[in-house]
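Below: the structure, in structure tokens.
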Amino acid sequence: MIDLSELVAKARELTPFPASTVRLAQLVAGQNYNLTEVTALVAYDEVLTMKLLRAANSAAVGSRRKVTTPYEAIILFGTTLVLELAISAGAKPHLHARLPGYGLVEGALWRHSVAAAVAAEMAGGYCTTEMPTEAFAACLLHDVGKVVMGRFLSPEILQFIARARSADGLSQIEAESQILNVHHGELGGLIAQHWQLPPRIVQGIIYHHNPEAGGDVVCDFAYVANEVAKTIEARLDQKIYNGALPAGTAERVGITDERLAALGRAATKRFQEVSRYYNVR
């Protein structure tokens with residue numbers, strides 16, 4: 001079986017985010033900031049500035065005016081998408097890895113994570129509840145715990161988990177909890193804490209499979225984004241995924257089955273448009 005203390009130790013060994021990204025997340029989460037502060041943080045991070053300007057000019061194709069400064073890019077995108085780009089830059093090296101324990105080839109988890117972030121970006125037009133700023137990062141990082149847990153899932157452990165799912169009718173996350181005493185959401189929360197991300201982002205990651213227990217609408221939006229991401233991936237692979245939301249989650253975010261289906265269609269189109277910003281293949 002897995003040594004839980006070793007699992008936690010490995011979670012805390014992951015390379016942390018740059019200080020500018022952590023500060024940006026904390027600043028945006030506090031909601032008491034101005035564009036001057038955000039611009040200053042971005043401007044002092046050369047890598048983030050380069051990524052932001054590249055994305056901004058890609059988005060502005062056809063425009064006569066080239067985006068040349070972080071301030072112009074932030075005006076174009078808004079602070080939440082800037083934060084999403086910053087966090088994705090730090091997370092991609094981890095999320096892009098091959099995870100045979102979960103049956104994921106190289107790049108598969110990254111594609112799912114970006115699809116969830118796109119779903120979060122689009123959700124505001126289909127949900128009556130306003131989405132908290134922290135939800136975007138929580139949606140992008142919701143499966144980051146798999147990065148560590150996937151390294152420890154031996155064929156023997158996978159058999160135990162599969163048996164628990166089949167015999168007891170458990171979900172993947174319930175089976176992980178029963179067999180390993182921890183699930184990938186909890187492990188992802190530990191990683192987010194290690195990266196010093198705001199508490200609501202941590203909360204959304206931990207409870208993205210069981211938002212009722214999270215007690216925060218951030219968890220509900222993470223659940224929605226995960227479901228819509230599965231729909232996006234199924235559509236891209238010419239498959240069908242009939243996702244559904246728990247009644248409580250649908251009520252708290254303010255979405256109907258019809259609007260959820262419409263969100264899936266719109267998010268798929270948006271994913272195809274923006275995936276190049278995140279180098280998704």
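Quick note on naming: the chains in the structure tokens go A, B, ... in the order shown, residues restart at 1 in each chain, and ligands are numbered from 1 in order of appearance.
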
Inset, instruction - Would you return as a ChimeraX atom specification the members of segment 97-241 of chain A that DSSP assigns to alpha helix (DSSP H) on this structure's backbone? - result: /A:108-123,134-140,145-149,155-168,172-180,184-194,199-206,211-214,217-236

Inset, instruction - Tell me, as a list in words, which residues lie within 7 Å of Asp143 of chain A, counting only C-alpha atoms; anything in the same chain fewer than 5 positions away does not count. - result: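 Answer for this query is His184, Gly185 and Gly188 of chain A.
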
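Remark: for Leu81 of chain A, the closest of the candidate residues A:Met50, A:Ala117, A:Ala213, A:Cys219 is A:Ala117 (distances computed over only C-alpha atoms).
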
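Considering the residues A:Pro70, A:Ile205, A:Arg165, A:Met149 and counting only C-alpha atoms, Asn181 of chain A has its shortest atom-to-atom contact with A:Met149.
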
Legend entry - Residue contacts of segment 126-142 of chain A (7 Å, only C-alpha atoms) excluding same-chain residues fewer than 6 positions away, as a PyMOL selection string: chain A and resi 29+80+84+113-114+116-117+120+200-201+204-205+208+218+221-222+225+253-255+259+263

Legend entry - Spatial neighbours of segment 33-46 of chain A, max dist 7 Å, only C-alpha atoms, sep filter under 3 positions, as a PyMOL selection string: chain A and resi 20+24+27-28+49-50+70-71

Inset, instruction - Please identify all polymer residues within 6 Å of Gly101 of chain A, counting only C-alpha atoms, omitting same-chain residues fewer than 2 positions from it, and present them as number ranges by chain. - result: A: 99, 103, 150, 153

Legend entry - Selected residue, from A:Ala19, A:Leu4, A:Leu53, A:Leu260, that lies nearest to Ile179 of chain A when counting only C-alpha atoms: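 Going through A:Ala19, A:Leu4, A:Leu53, A:Leu260 one by one, the smallest distance to Ile179 of chain A is for A:Leu4.
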
Inset, instruction - Choose the residue, out of A:Gly169, A:Gly189, A:Pro18, A:Gly125, that has the smallest atom-to-atom separation from Lys146 of chain A; count only C-alpha atoms. - result: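 Using only C-alpha atoms, Lys146 of chain A sits closest to A:Gly189.
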